[in-house]
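Structure file final-v5.txt (compact mmCIF, C-alpha atoms and all ligand atoms) follows.
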# COMPACT_ATOMS: atom_id res chain seq x y z
CA MET A 1 112.91 81.21 155.51
CA LYS A 2 113.37 81.14 151.76
CA PHE A 3 111.15 78.93 149.61
CA ASP A 4 113.78 76.20 149.03
CA THR A 5 114.35 75.94 152.79
CA GLU A 6 110.62 75.91 153.55
CA LEU A 7 110.24 72.90 151.25
CA ILE A 8 112.69 70.96 153.41
CA HIS A 9 111.94 72.30 156.88
CA GLY A 10 108.42 73.74 156.54
CA GLY A 11 105.30 72.24 158.07
CA ILE A 12 106.03 69.26 160.30
CA SER A 13 109.22 67.88 158.81
CA GLU A 14 110.27 65.42 161.51
CA ASP A 15 108.71 63.12 164.08
CA PRO A 16 108.29 65.07 167.31
CA THR A 17 108.46 61.94 169.50
CA THR A 18 111.54 60.19 168.07
CA GLY A 19 113.29 62.91 166.09
CA ALA A 20 113.12 60.74 162.97
CA THR A 21 113.91 63.04 160.04
CA SER A 22 110.98 61.66 158.06
CA VAL A 23 107.46 62.06 159.38
CA PRO A 24 105.96 58.59 160.14
CA ILE A 25 103.01 57.13 158.25
CA TYR A 26 100.34 56.96 160.94
CA MET A 27 98.14 54.07 159.83
CA ALA A 28 95.52 54.56 162.52
CA SER A 29 91.82 55.23 162.11
CA THR A 30 91.27 56.32 165.71
CA PHE A 31 93.25 57.72 168.66
CA HIS A 32 93.18 56.97 172.38
CA GLN A 33 91.54 59.76 174.38
CA THR A 34 93.02 59.68 177.88
CA LYS A 35 90.05 61.71 179.04
CA ILE A 36 87.01 62.46 176.91
CA GLY A 37 88.00 65.12 174.38
CA GLU A 38 91.60 65.17 175.58
CA SER A 39 93.67 64.10 172.61
CA GLN A 40 95.39 65.84 169.77
CA TYR A 41 93.65 63.63 167.19
CA GLU A 42 90.35 61.77 167.45
CA TYR A 43 89.57 60.06 164.17
CA SER A 44 91.60 60.04 160.96
CA ARG A 45 88.92 61.50 158.71
CA THR A 46 88.90 64.55 160.94
CA GLY A 47 92.67 64.67 161.35
CA ASN A 48 95.71 62.43 160.93
CA PRO A 49 99.31 63.35 161.86
CA THR A 50 100.78 62.34 158.49
CA ARG A 51 98.12 64.30 156.64
CA ALA A 52 98.68 67.20 159.05
CA ALA A 53 102.34 67.32 157.96
CA VAL A 54 101.52 67.77 154.28
CA GLU A 55 98.72 70.20 155.14
CA ALA A 56 101.07 72.34 157.20
CA LEU A 57 103.67 72.23 154.44
CA ILE A 58 101.35 73.48 151.69
CA ALA A 59 99.97 76.20 154.01
CA THR A 60 103.56 77.40 154.55
CA LEU A 61 104.47 77.26 150.86
CA GLU A 62 101.36 79.14 149.74
CA HIS A 63 101.58 81.70 152.57
CA GLY A 64 98.14 80.80 153.92
CA THR A 65 96.71 80.15 157.37
CA ALA A 66 95.40 76.61 156.86
CA GLY A 67 96.00 73.76 154.43
CA PHE A 68 93.79 70.77 153.59
CA ALA A 69 94.62 67.54 151.77
CA PHE A 70 92.12 65.61 149.66
CA ALA A 71 91.95 62.30 147.83
CA SER A 72 92.35 64.09 144.48
CA GLY A 73 92.39 67.54 142.97
CA SER A 74 88.80 66.93 141.90
CA ALA A 75 87.81 66.13 145.50
CA ALA A 76 89.49 69.36 146.60
CA ILE A 77 87.59 71.36 143.97
CA ASN A 78 84.28 69.70 144.85
CA THR A 79 84.81 70.48 148.53
CA VAL A 80 85.59 74.13 147.78
CA PHE A 81 82.45 74.41 145.61
CA SER A 82 80.51 72.99 148.58
CA LEU A 83 81.00 76.39 150.23
CA PHE A 84 78.16 77.50 147.95
CA ALA A 85 74.46 76.69 147.82
CA ALA A 86 71.54 76.40 145.42
CA GLY A 87 70.90 79.77 143.81
CA ASP A 88 74.51 80.92 144.06
CA HIS A 89 76.20 82.06 140.87
CA ILE A 90 79.89 81.54 140.17
CA ILE A 91 82.03 83.03 137.41
CA VAL A 92 84.40 80.44 135.98
CA GLY A 93 87.34 80.79 133.62
CA ASN A 94 86.40 79.52 130.13
CA ASP A 95 89.55 77.37 129.76
CA VAL A 96 89.50 75.30 132.96
CA TYR A 97 90.59 71.69 133.43
CA GLY A 98 88.22 69.29 131.62
CA GLY A 99 87.28 67.50 134.84
CA THR A 100 86.38 70.79 136.50
CA PHE A 101 84.12 71.62 133.56
CA ARG A 102 82.51 68.17 133.89
CA LEU A 103 82.00 68.61 137.66
CA ILE A 104 80.31 71.96 137.10
CA ASP A 105 78.29 70.98 134.06
CA SER A 106 77.04 67.54 135.00
CA VAL A 107 77.07 67.54 138.82
CA LEU A 108 76.97 70.97 140.47
CA LYS A 109 74.35 72.42 138.11
CA ARG A 110 71.98 69.68 139.31
CA PHE A 111 72.29 71.14 142.81
CA GLY A 112 70.96 74.50 141.62
CA MET A 113 74.19 76.47 141.37
CA THR A 114 74.64 78.54 138.25
CA PHE A 115 77.84 79.29 136.37
CA THR A 116 78.97 81.73 133.71
CA THR A 117 82.18 81.00 131.83
CA VAL A 118 84.28 84.02 130.93
CA ASP A 119 87.74 84.66 129.55
CA THR A 120 89.07 85.96 132.87
CA ARG A 121 91.88 87.88 131.11
CA ASP A 122 89.12 90.33 130.13
CA LEU A 123 88.32 92.17 133.38
CA THR A 124 85.46 94.10 131.78
CA ALA A 125 83.84 90.81 130.78
CA VAL A 126 84.32 89.41 134.30
CA GLU A 127 82.74 92.47 135.87
CA ALA A 128 79.87 92.39 133.37
CA ALA A 129 79.12 88.78 134.34
CA ILE A 130 78.58 89.66 138.01
CA THR A 131 74.93 89.38 139.13
CA PRO A 132 73.34 89.93 142.57
CA ALA A 133 73.65 86.13 143.09
CA THR A 134 77.37 85.95 142.26
CA LYS A 135 79.46 84.58 145.11
CA ALA A 136 82.84 83.76 143.60
CA ILE A 137 85.29 83.94 140.70
CA TYR A 138 87.04 80.64 139.98
CA LEU A 139 89.91 80.37 137.53
CA GLU A 140 93.18 78.79 136.48
CA THR A 141 96.29 80.64 135.40
CA PRO A 142 98.08 79.41 133.35
CA THR A 143 95.04 77.71 131.85
CA ASN A 144 94.82 74.23 130.45
CA PRO A 145 95.70 73.67 127.63
CA LEU A 146 96.04 77.16 126.07
CA LEU A 147 98.21 78.58 128.89
CA HIS A 148 96.34 81.87 129.04
CA ILE A 149 97.50 84.14 131.87
CA THR A 150 95.03 86.09 133.99
CA ASP A 151 96.17 89.03 136.12
CA ILE A 152 95.70 87.48 139.58
CA GLU A 153 95.99 90.71 141.54
CA ALA A 154 93.41 92.46 139.33
CA ILE A 155 90.93 89.58 139.78
CA ALA A 156 91.41 89.55 143.56
CA LYS A 157 90.77 93.32 143.66
CA LEU A 158 87.66 92.99 141.53
CA GLY A 159 86.45 90.18 143.78
CA HIS A 160 86.91 92.21 146.92
CA LYS A 161 85.20 95.23 145.39
CA HIS A 162 82.09 93.11 144.76
CA ASP A 163 82.36 91.00 147.91
CA LEU A 164 83.15 87.79 145.98
CA LEU A 165 85.60 85.06 146.88
CA SER A 166 88.43 84.64 144.40
CA ILE A 167 89.60 81.05 143.97
CA ILE A 168 92.61 79.99 141.92
CA ASP A 169 93.59 76.52 140.76
CA ASN A 170 97.39 76.87 140.91
CA THR A 171 98.16 73.38 139.56
CA PHE A 172 99.92 74.50 136.36
CA ALA A 173 102.26 76.89 138.15
CA SER A 174 102.91 75.44 141.62
CA PRO A 175 103.85 77.73 144.53
CA TYR A 176 107.43 77.81 143.19
CA ILE A 177 106.19 80.00 140.32
CA GLN A 178 103.38 82.00 141.91
CA ARG A 179 101.64 82.42 145.27
CA PRO A 180 98.11 83.74 144.58
CA LEU A 181 97.28 84.37 148.27
CA ASP A 182 100.04 87.01 148.34
CA LEU A 183 98.24 88.74 145.47
CA GLY A 184 94.96 88.97 147.39
CA VAL A 185 93.21 85.73 146.40
CA ASP A 186 91.08 83.99 149.09
CA ILE A 187 91.55 80.31 148.23
CA VAL A 188 94.28 78.54 146.29
CA LEU A 189 93.98 74.88 145.34
CA HIS A 190 95.99 72.22 143.55
CA SER A 191 95.80 68.91 141.90
CA ALA A 192 98.82 67.61 143.85
CA SER A 193 98.90 64.74 141.33
CA LYS A 194 100.93 67.06 139.08
CA TYR A 195 103.97 69.23 140.02
CA LEU A 196 103.59 68.96 143.81
CA GLY A 197 103.70 65.14 143.86
CA GLY A 198 105.92 65.37 140.81
CA HIS A 199 106.63 61.68 140.20
CA SER A 200 103.40 60.37 138.59
CA ASP A 201 102.86 58.12 141.59
CA VAL A 202 100.21 59.80 143.70
CA ILE A 203 96.72 61.28 143.21
CA GLY A 204 95.91 64.06 145.65
CA GLY A 205 94.48 67.54 146.07
CA LEU A 206 95.38 70.49 148.30
CA VAL A 207 93.54 73.62 149.39
CA VAL A 208 94.93 76.65 151.23
CA THR A 209 92.97 79.57 152.63
CA LYS A 210 94.26 82.97 153.55
CA ASP A 211 91.60 83.91 156.08
CA ALA A 212 91.37 81.79 159.25
CA GLU A 213 87.56 81.87 159.41
CA LEU A 214 87.31 80.71 155.80
CA GLY A 215 89.83 77.99 156.69
CA GLU A 216 87.50 76.77 159.42
CA ARG A 217 84.66 76.52 156.93
CA VAL A 218 86.81 74.49 154.51
CA GLY A 219 87.98 72.28 157.40
CA TYR A 220 84.37 71.68 158.40
CA LEU A 221 83.52 70.63 154.83
CA GLN A 222 86.63 68.43 154.56
CA ASN A 223 85.47 66.48 157.61
CA ALA A 224 81.78 66.50 156.62
CA ILE A 225 82.34 65.35 153.03
CA GLY A 226 85.24 63.07 153.93
CA SER A 227 87.18 62.95 150.66
CA ILE A 228 90.49 63.12 152.55
CA LEU A 229 94.00 62.10 151.53
CA ALA A 230 95.02 58.79 153.15
CA PRO A 231 98.17 58.53 155.34
CA GLN A 232 100.31 56.63 152.78
CA GLU A 233 99.48 59.12 150.03
CA SER A 234 100.04 62.03 152.41
CA TRP A 235 103.52 60.73 153.12
CA LEU A 236 104.30 60.15 149.45
CA LEU A 237 103.08 63.63 148.57
CA GLN A 238 105.18 65.45 151.19
CA ARG A 239 108.16 63.36 150.13
CA GLY A 240 107.67 64.43 146.51
CA MET A 241 107.14 68.08 147.44
CA LYS A 242 110.54 68.40 149.10
CA THR A 243 112.28 68.45 145.71
CA LEU A 244 109.82 70.86 144.07
CA ALA A 245 112.34 73.70 143.68
CA LEU A 246 115.04 71.43 142.20
CA ARG A 247 112.56 69.90 139.81
CA MET A 248 111.01 73.22 138.78
CA ARG A 249 114.38 74.72 137.88
CA ALA A 250 115.09 71.74 135.60
CA HIS A 251 111.53 71.84 134.14
CA LEU A 252 111.80 75.58 133.43
CA SER A 253 115.19 75.35 131.77
CA ASN A 254 114.13 72.48 129.50
CA ALA A 255 110.83 74.20 128.65
CA GLU A 256 112.59 77.36 127.56
CA GLN A 257 114.91 75.39 125.28
CA ILE A 258 112.04 73.41 123.80
CA PHE A 259 110.11 76.62 123.18
CA ASN A 260 113.08 78.07 121.27
CA TYR A 261 113.33 74.86 119.24
CA LEU A 262 109.60 74.80 118.40
CA LYS A 263 109.54 78.49 117.56
CA ALA A 264 112.16 77.86 114.87
CA GLN A 265 110.38 74.79 113.42
CA PRO A 266 108.63 75.39 110.09
CA GLY A 267 106.26 72.52 110.98
CA VAL A 268 104.78 74.48 113.91
CA ALA A 269 101.83 76.66 112.91
CA LYS A 270 101.01 78.07 116.32
CA ILE A 271 102.61 77.96 119.74
CA TYR A 272 101.20 78.68 123.19
CA TYR A 273 103.77 79.47 125.89
CA PRO A 274 103.54 82.35 128.38
CA GLY A 275 107.27 83.02 127.98
CA ASP A 276 106.86 83.81 124.27
CA PRO A 277 107.44 87.58 123.91
CA ASP A 278 104.87 87.50 121.07
CA ASN A 279 102.24 86.02 123.40
CA PRO A 280 99.59 88.64 124.30
CA ASP A 281 99.79 87.54 127.96
CA TYR A 282 103.59 87.85 128.17
CA ALA A 283 103.64 91.09 130.21
CA VAL A 284 101.22 89.77 132.84
CA ALA A 285 103.14 86.48 133.02
CA LYS A 286 106.41 88.33 133.52
CA LYS A 287 104.87 90.47 136.25
CA GLN A 288 103.36 87.70 138.39
CA MET A 289 105.31 84.51 137.64
CA ASN A 290 108.75 83.38 138.72
CA GLY A 291 109.51 81.59 135.44
CA PHE A 292 106.98 80.80 132.72
CA GLY A 293 106.06 77.23 133.63
CA ALA A 294 106.94 74.05 131.78
CA MET A 295 103.81 73.51 129.73
CA ILE A 296 103.87 74.23 126.00
CA SER A 297 100.98 73.70 123.59
CA PHE A 298 101.32 73.89 119.82
CA GLU A 299 99.59 73.20 116.54
CA LEU A 300 101.33 71.57 113.57
CA GLN A 301 100.89 72.78 110.01
CA PRO A 302 97.48 71.68 108.68
CA GLN A 303 98.80 68.85 106.45
CA MET A 304 100.68 67.24 109.36
CA ASP A 305 98.94 64.57 111.43
CA PRO A 306 99.25 65.31 115.17
CA LYS A 307 98.35 61.70 116.02
CA ALA A 308 101.28 60.38 113.99
CA PHE A 309 103.55 62.98 115.60
CA VAL A 310 102.76 61.99 119.19
CA GLU A 311 102.70 58.27 118.43
CA HIS A 312 106.21 58.30 116.92
CA LEU A 313 107.92 59.75 119.99
CA GLU A 314 110.12 57.39 122.00
CA VAL A 315 111.34 59.41 124.99
CA ILE A 316 108.34 61.66 125.55
CA THR A 317 105.47 59.57 126.92
CA LEU A 318 102.05 59.69 125.26
CA ALA A 319 99.84 60.08 128.31
CA GLU A 320 97.40 62.34 130.09
CA SER A 321 98.53 64.31 133.14
CA LEU A 322 101.44 66.72 133.54
CA GLY A 323 103.97 68.05 135.98
CA ALA A 324 105.92 64.80 136.18
CA LEU A 325 109.63 64.04 135.95
CA GLU A 326 108.99 62.38 132.60
CA SER A 327 107.88 64.49 129.66
CA LEU A 328 104.24 63.81 128.79
CA ILE A 329 102.47 64.64 125.54
CA GLU A 330 98.82 64.43 124.55
CA ILE A 331 96.12 65.69 122.20
CA PRO A 332 93.55 67.51 124.39
CA ALA A 333 90.62 67.10 121.97
CA LEU A 334 91.05 63.31 122.00
CA MET A 335 92.25 62.88 125.57
CA THR A 336 92.08 65.34 128.51
CA HIS A 337 89.41 67.59 127.02
CA GLY A 338 87.34 64.91 125.29
CA ALA A 339 84.48 65.46 127.78
CA ILE A 340 83.94 69.02 126.55
CA PRO A 341 81.47 69.20 123.62
CA ARG A 342 83.39 69.95 120.39
CA ASP A 343 81.57 73.21 119.61
CA ILE A 344 82.41 74.64 123.05
CA ARG A 345 85.99 73.40 122.74
CA ILE A 346 86.48 75.07 119.34
CA GLN A 347 84.78 78.23 120.58
CA ASN A 348 87.33 78.33 123.40
CA GLY A 349 90.20 77.99 120.93
CA ILE A 350 91.09 74.33 121.48
CA GLN A 351 91.51 73.02 117.94
CA ASP A 352 91.36 69.30 117.17
CA GLU A 353 95.03 69.50 116.12
CA LEU A 354 96.32 71.03 119.35
CA ILE A 355 99.17 69.15 121.07
CA ARG A 356 99.99 69.72 124.75
CA LEU A 357 103.47 69.00 126.07
CA SER A 358 104.44 68.78 129.73
CA VAL A 359 108.20 69.24 129.64
CA GLY A 360 110.00 66.87 132.01
CA VAL A 361 113.48 66.87 133.46
CA GLU A 362 115.23 64.46 131.05
CA ASP A 363 118.42 65.57 129.31
CA ILE A 364 117.42 68.27 126.81
CA THR A 365 119.43 66.60 124.01
CA ASP A 366 117.24 63.50 124.20
CA LEU A 367 114.04 65.57 124.26
CA LEU A 368 115.05 67.61 121.20
CA ALA A 369 116.12 64.46 119.32
CA ASP A 370 112.73 62.94 120.13
CA LEU A 371 110.88 65.99 118.78
CA ASP A 372 113.04 65.73 115.61
CA ARG A 373 111.76 62.14 115.35
CA GLY A 374 108.17 63.40 115.66
CA PHE A 375 108.65 66.01 112.92
CA ALA A 376 110.36 63.47 110.65
CA SER A 377 107.31 61.21 110.96
CA VAL A 378 104.92 63.89 109.65
CA THR A 379 107.18 65.40 106.97
CA ASP A 380 107.55 63.73 103.57
C1 LIG B 401 94.61 67.28 137.05
C2 LIG B 401 93.96 68.57 137.33
C3 LIG B 401 92.85 68.67 138.19
C4 LIG B 401 92.20 67.45 138.79
O1 LIG B 401 93.03 66.81 139.68
P1 LIG B 401 92.98 65.22 140.01
O2 LIG B 401 94.03 65.06 141.03
O3 LIG B 401 93.25 64.50 138.72
O4 LIG B 401 91.59 64.95 140.50
C5 LIG B 401 92.35 69.91 138.46
N1 LIG B 401 92.88 71.03 137.92
C6 LIG B 401 93.93 70.98 137.08
C7 LIG B 401 94.47 72.25 136.50
C8 LIG B 401 94.50 69.77 136.76
O5 LIG B 401 95.53 69.73 135.90

Would you kindly transcribe this structure into structure tokens?
Amino acid sequence: MKFDTELIHGGISEDPTTGATSVPIYMASTFHQTKIGESQYEYSRTGNPTRAAVEALIATLEHGTAGFAFASGSAAINTVFSLFAAGDHIIVGNDVYGGTFRLIDSVLKRFGMTFTTVDTRDLTAVEAAITPATKAIYLETPTNPLLHITDIEAIAKLGHKHDLLSIIDNTFASPYIQRPLDLGVDIVLHSASKYLGGHSDVIGGLVVTKDAELGERVGYLQNAIGSILAPQESWLLQRGMKTLALRMRAHLSNAEQIFNYLKAQPGVAKIYYPGDPDNPDYAVAKKQMNGFGAMISFELQPQMDPKAFVEHLEVITLAESLGALESLIEIPALMTHGAIPRDIRIQNGIQDELIRLSVGVEDITDLLADLDRGFASVTD
């Protein structure tokens, strides 16, 4: 089946007992065992039929063997990091989601794991960071908020050469744009709160493994740690996911038009978008992505106040998060990336002035008129 069809018919898309075309929300904590051990489900932390539907769907979409749904993207990431133990070393992309940085820096380090952050676009630097204790390479591509693109296939190869797991947070792309498991990666994960859910109405996380044995280990941890996605949220998530392809096509088209608009604006000093032919990562993006995503970051000219710009918009919503129907704009240094110490942030290229835009699916005319409004507010 093609991707668009898999979204609709993949996983468990109808109720096997009644034929209802929407999978029911199974609000049950436990299940009757007709004989001891003889039941498909036992207890809803371990497995729930509504959760199973969304887990099967993401496994299909990402071309993996097993899918797992969690209460949030952060819960998914924490569970994946629980594959490792004290003394293990993990190489992490230097431009990861702020919450992932916080989890590593203020929680996981206390458990005796060690981390080295590297610009994973630089394969020599990644290889140089490998020590005898290294167990995994963890990264995002595109990154947040600078939209750097790492060559996924090259990282997976490097990982296999050194017997390391490669793990990719695919939140910014979604499986519509790229499927890392096809490129050799071992684990792909998502904050489903973004493009997969798509409607700013659910918090969730998803993990997919390529290897069945690794899937069993993640499943064991999902049950042991227990940060699972509840039945209502599982239903809402699979409902949102069904329109992913339709939404992504609209997101991508709007993003391209907004990029062209921003590129021609004298008020824009710098622009970060993988589809920019002048972007150093353009060739890798073109090779591995089906479309360039719908995130654009930019810096205004130094005399222009980015706070005034974002606060004068009327259509584009000033808010954290991304991947929603509605366009969302924010200033990472003051909002999503505020937890990262300023010196580290600047060192990683995230200036105080940087603006991040998640392009939604509104009519492009209204979005461009809104950006005009923003520029008018900072130009005298
Ligand atoms: C939002 C986000 C997360 C965290 O997900 P939550 O669902 O908010 O816990 C992780 N990675 C990326 C890239 C994200 O954008």

Test item: residues at most 7 Å from Gly98 in chain A, all atoms listed in the file, excluding those fewer than 6 positions along its chain, as a list in words: Thr336, His337, Ala339 and Ile340 of chain A

Mind listing the residues within 10 Å of ligand LIG 401 (chain B), all atoms listed in the file counted, as a ChimeraX atom specification? /A:70-78,95-101,139-145,168-173,189-195,202-206,320-323,336

Compute the distance from (112.0, 63.4, 158.5) to each atom, counting only C-alpha atoms, keep the residues with any atom at most 12 Å away, and return them as a PyMOL selection string; use the coordinates of the file. chain A and resi 8-25+50+53+235+238-239+242

Interatomic distance (Å, one decimal) between CA of Ile90 in chain A and CA of Ala333 in chain A: 25.6 Å

His199 in chain A environment, 7 Å, all atoms listed in the file, sequence neighbours closer than 5 positions dropped, as a PyMOL selection string: chain A and resi 240+324-325

Atom pair CA of Ile271 in chain A / CA of Pro341 in chain A: separation (Å):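 Interatomic distance, CA of Ile271 in chain A to CA of Pro341 in chain A: 23.2 Å.
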
Hey, what's within 8 Å of Glu362 in chain A if we count all atoms listed in the file and toss same-chain stuff fewer than 2 positions away? As a VMD selection string, please? chain A and resid 325 to 327 360 364 366 to 367

Calculated over only C-alpha atoms, which of the candidates A:Tyr220, A:Ser200, A:Ala245, A:Gln288 has the smallest distance to Asp182 in chain A?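 Nearest to Asp182 in chain A: A:Gln288.
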
Taking all atoms listed in the file into account, which of A:Leu108, A:Ala369, A:Met295, A:Ile355 comes nearest Leu318 in chain A?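 The closest residue to Leu318 in chain A is A:Ile355.
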
For a test of reading the model, state the distance in Å between CA of Thr46 in chain A and CA of Pro180 in chain A, rounded to one decimal.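 CA of Thr46 in chain A sits 26.8 Å away from CA of Pro180 in chain A.
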
From the set A:Gly267, A:Pro277, A:Pro332, A:Gly226, which residue has the shortest atom-to-atom contact distance to Pro302 in chain A, counting all atoms listed in the file?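 Using all atoms listed in the file, Pro302 in chain A sits closest to A:Gly267.
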
Smallest atom-to-atom distance to Leu246 in chain A: which of A:Val310, A:Leu262, A:Leu7, A:Val185, using all atoms listed in the file?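 Of A:Val310, A:Leu262, A:Leu7, A:Val185, the one nearest Leu246 in chain A, counting all atoms listed in the file, is A:Leu7.
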
So which one's closest to Gln257 in chain A, A:Leu103, A:Val361, A:Ile187, A:Ile316? Using all atoms listed in the file, please.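 Closest to Gln257 in chain A, using all atoms listed in the file: A:Val361.
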
Would you mind putting back N, CA, C and O atoms on range 316-334 of chain A, then writing it out as a PDB file, in the frame of the given file?
ATOM      1  N   ILE A 316     109.486  60.942 124.995  1.00  0.00           N
ATOM      2  CA  ILE A 316     108.340  61.660 125.550  1.00  0.00           C
ATOM      3  C   ILE A 316     107.141  60.712 125.570  1.00  0.00           C
ATOM      4  O   ILE A 316     106.804  60.102 124.552  1.00  0.00           O
ATOM      5  N   THR A 317     106.527  60.561 126.741  1.00  0.00           N
ATOM      6  CA  THR A 317     105.470  59.570 126.920  1.00  0.00           C
ATOM      7  C   THR A 317     104.112  60.118 126.475  1.00  0.00           C
ATOM      8  O   THR A 317     103.714  61.215 126.883  1.00  0.00           O
ATOM      9  N   LEU A 318     103.419  59.341 125.650  1.00  0.00           N
ATOM     10  CA  LEU A 318     102.050  59.690 125.260  1.00  0.00           C
ATOM     11  C   LEU A 318     101.136  59.333 126.415  1.00  0.00           C
ATOM     12  O   LEU A 318     100.901  58.152 126.687  1.00  0.00           O
ATOM     13  N   ALA A 319     100.672  60.336 127.125  1.00  0.00           N
ATOM     14  CA  ALA A 319      99.840  60.080 128.310  1.00  0.00           C
ATOM     15  C   ALA A 319      99.146  61.366 128.731  1.00  0.00           C
ATOM     16  O   ALA A 319      99.621  62.470 128.455  1.00  0.00           O
ATOM     17  N   GLU A 320      98.044  61.198 129.454  1.00  0.00           N
ATOM     18  CA  GLU A 320      97.400  62.340 130.090  1.00  0.00           C
ATOM     19  C   GLU A 320      98.254  62.732 131.295  1.00  0.00           C
ATOM     20  O   GLU A 320      99.235  62.087 131.603  1.00  0.00           O
ATOM     21  N   SER A 321      97.837  63.778 131.967  1.00  0.00           N
ATOM     22  CA  SER A 321      98.530  64.310 133.140  1.00  0.00           C
ATOM     23  C   SER A 321      99.727  65.174 132.739  1.00  0.00           C
ATOM     24  O   SER A 321     100.024  65.344 131.553  1.00  0.00           O
ATOM     25  N   LEU A 322     100.387  65.727 133.751  1.00  0.00           N
ATOM     26  CA  LEU A 322     101.440  66.720 133.540  1.00  0.00           C
ATOM     27  C   LEU A 322     102.198  66.890 134.845  1.00  0.00           C
ATOM     28  O   LEU A 322     101.825  66.342 135.870  1.00  0.00           O
ATOM     29  N   GLY A 323     103.260  67.688 134.756  1.00  0.00           N
ATOM     30  CA  GLY A 323     103.970  68.050 135.980  1.00  0.00           C
ATOM     31  C   GLY A 323     104.829  66.942 136.541  1.00  0.00           C
ATOM     32  O   GLY A 323     105.218  66.979 137.702  1.00  0.00           O
ATOM     33  N   ALA A 324     105.149  65.944 135.713  1.00  0.00           N
ATOM     34  CA  ALA A 324     105.920  64.800 136.180  1.00  0.00           C
ATOM     35  C   ALA A 324     107.373  64.922 135.767  1.00  0.00           C
ATOM     36  O   ALA A 324     107.712  65.740 134.914  1.00  0.00           O
ATOM     37  N   LEU A 325     108.224  64.096 136.345  1.00  0.00           N
ATOM     38  CA  LEU A 325     109.630  64.040 135.950  1.00  0.00           C
ATOM     39  C   LEU A 325     109.745  63.720 134.463  1.00  0.00           C
ATOM     40  O   LEU A 325     110.568  64.282 133.757  1.00  0.00           O
ATOM     41  N   GLU A 326     108.925  62.777 134.006  1.00  0.00           N
ATOM     42  CA  GLU A 326     108.990  62.380 132.600  1.00  0.00           C
ATOM     43  C   GLU A 326     108.152  63.323 131.751  1.00  0.00           C
ATOM     44  O   GLU A 326     107.079  63.737 132.167  1.00  0.00           O
ATOM     45  N   SER A 327     108.652  63.647 130.575  1.00  0.00           N
ATOM     46  CA  SER A 327     107.880  64.490 129.660  1.00  0.00           C
ATOM     47  C   SER A 327     106.651  63.727 129.204  1.00  0.00           C
ATOM     48  O   SER A 327     106.720  62.531 128.894  1.00  0.00           O
ATOM     49  N   LEU A 328     105.502  64.423 129.172  1.00  0.00           N
ATOM     50  CA  LEU A 328     104.240  63.810 128.790  1.00  0.00           C
ATOM     51  C   LEU A 328     103.621  64.628 127.660  1.00  0.00           C
ATOM     52  O   LEU A 328     103.647  65.858 127.696  1.00  0.00           O
ATOM     53  N   ILE A 329     103.076  63.936 126.678  1.00  0.00           N
ATOM     54  CA  ILE A 329     102.470  64.640 125.540  1.00  0.00           C
ATOM     55  C   ILE A 329     101.086  64.065 125.279  1.00  0.00           C
ATOM     56  O   ILE A 329     100.837  62.889 125.555  1.00  0.00           O
ATOM     57  N   GLU A 330     100.182  64.913 124.800  1.00  0.00           N
ATOM     58  CA  GLU A 330      98.820  64.430 124.550  1.00  0.00           C
ATOM     59  C   GLU A 330      98.119  65.356 123.573  1.00  0.00           C
ATOM     60  O   GLU A 330      98.566  66.470 123.311  1.00  0.00           O
ATOM     61  N   ILE A 331      96.980  64.880 123.059  1.00  0.00           N
ATOM     62  CA  ILE A 331      96.120  65.690 122.200  1.00  0.00           C
ATOM     63  C   ILE A 331      94.844  65.982 122.992  1.00  0.00           C
ATOM     64  O   ILE A 331      94.017  65.083 123.195  1.00  0.00           O
ATOM     65  N   PRO A 332      94.688  67.211 123.505  1.00  0.00           N
ATOM     66  CA  PRO A 332      93.550  67.510 124.390  1.00  0.00           C
ATOM     67  C   PRO A 332      92.187  67.111 123.822  1.00  0.00           C
ATOM     68  O   PRO A 332      91.362  66.540 124.548  1.00  0.00           O
ATOM     69  N   ALA A 333      91.943  67.381 122.534  1.00  0.00           N
ATOM     70  CA  ALA A 333      90.620  67.100 121.970  1.00  0.00           C
ATOM     71  C   ALA A 333      90.276  65.620 122.051  1.00  0.00           C
ATOM     72  O   ALA A 333      89.103  65.239 122.167  1.00  0.00           O
ATOM     73  N   LEU A 334      91.296  64.763 121.983  1.00  0.00           N
ATOM     74  CA  LEU A 334      91.050  63.310 122.000  1.00  0.00           C
ATOM     75  C   LEU A 334      91.241  62.716 123.381  1.00  0.00           C
ATOM     76  O   LEU A 334      90.837  61.590 123.639  1.00  0.00           O
TER      77      LEU A 334
END
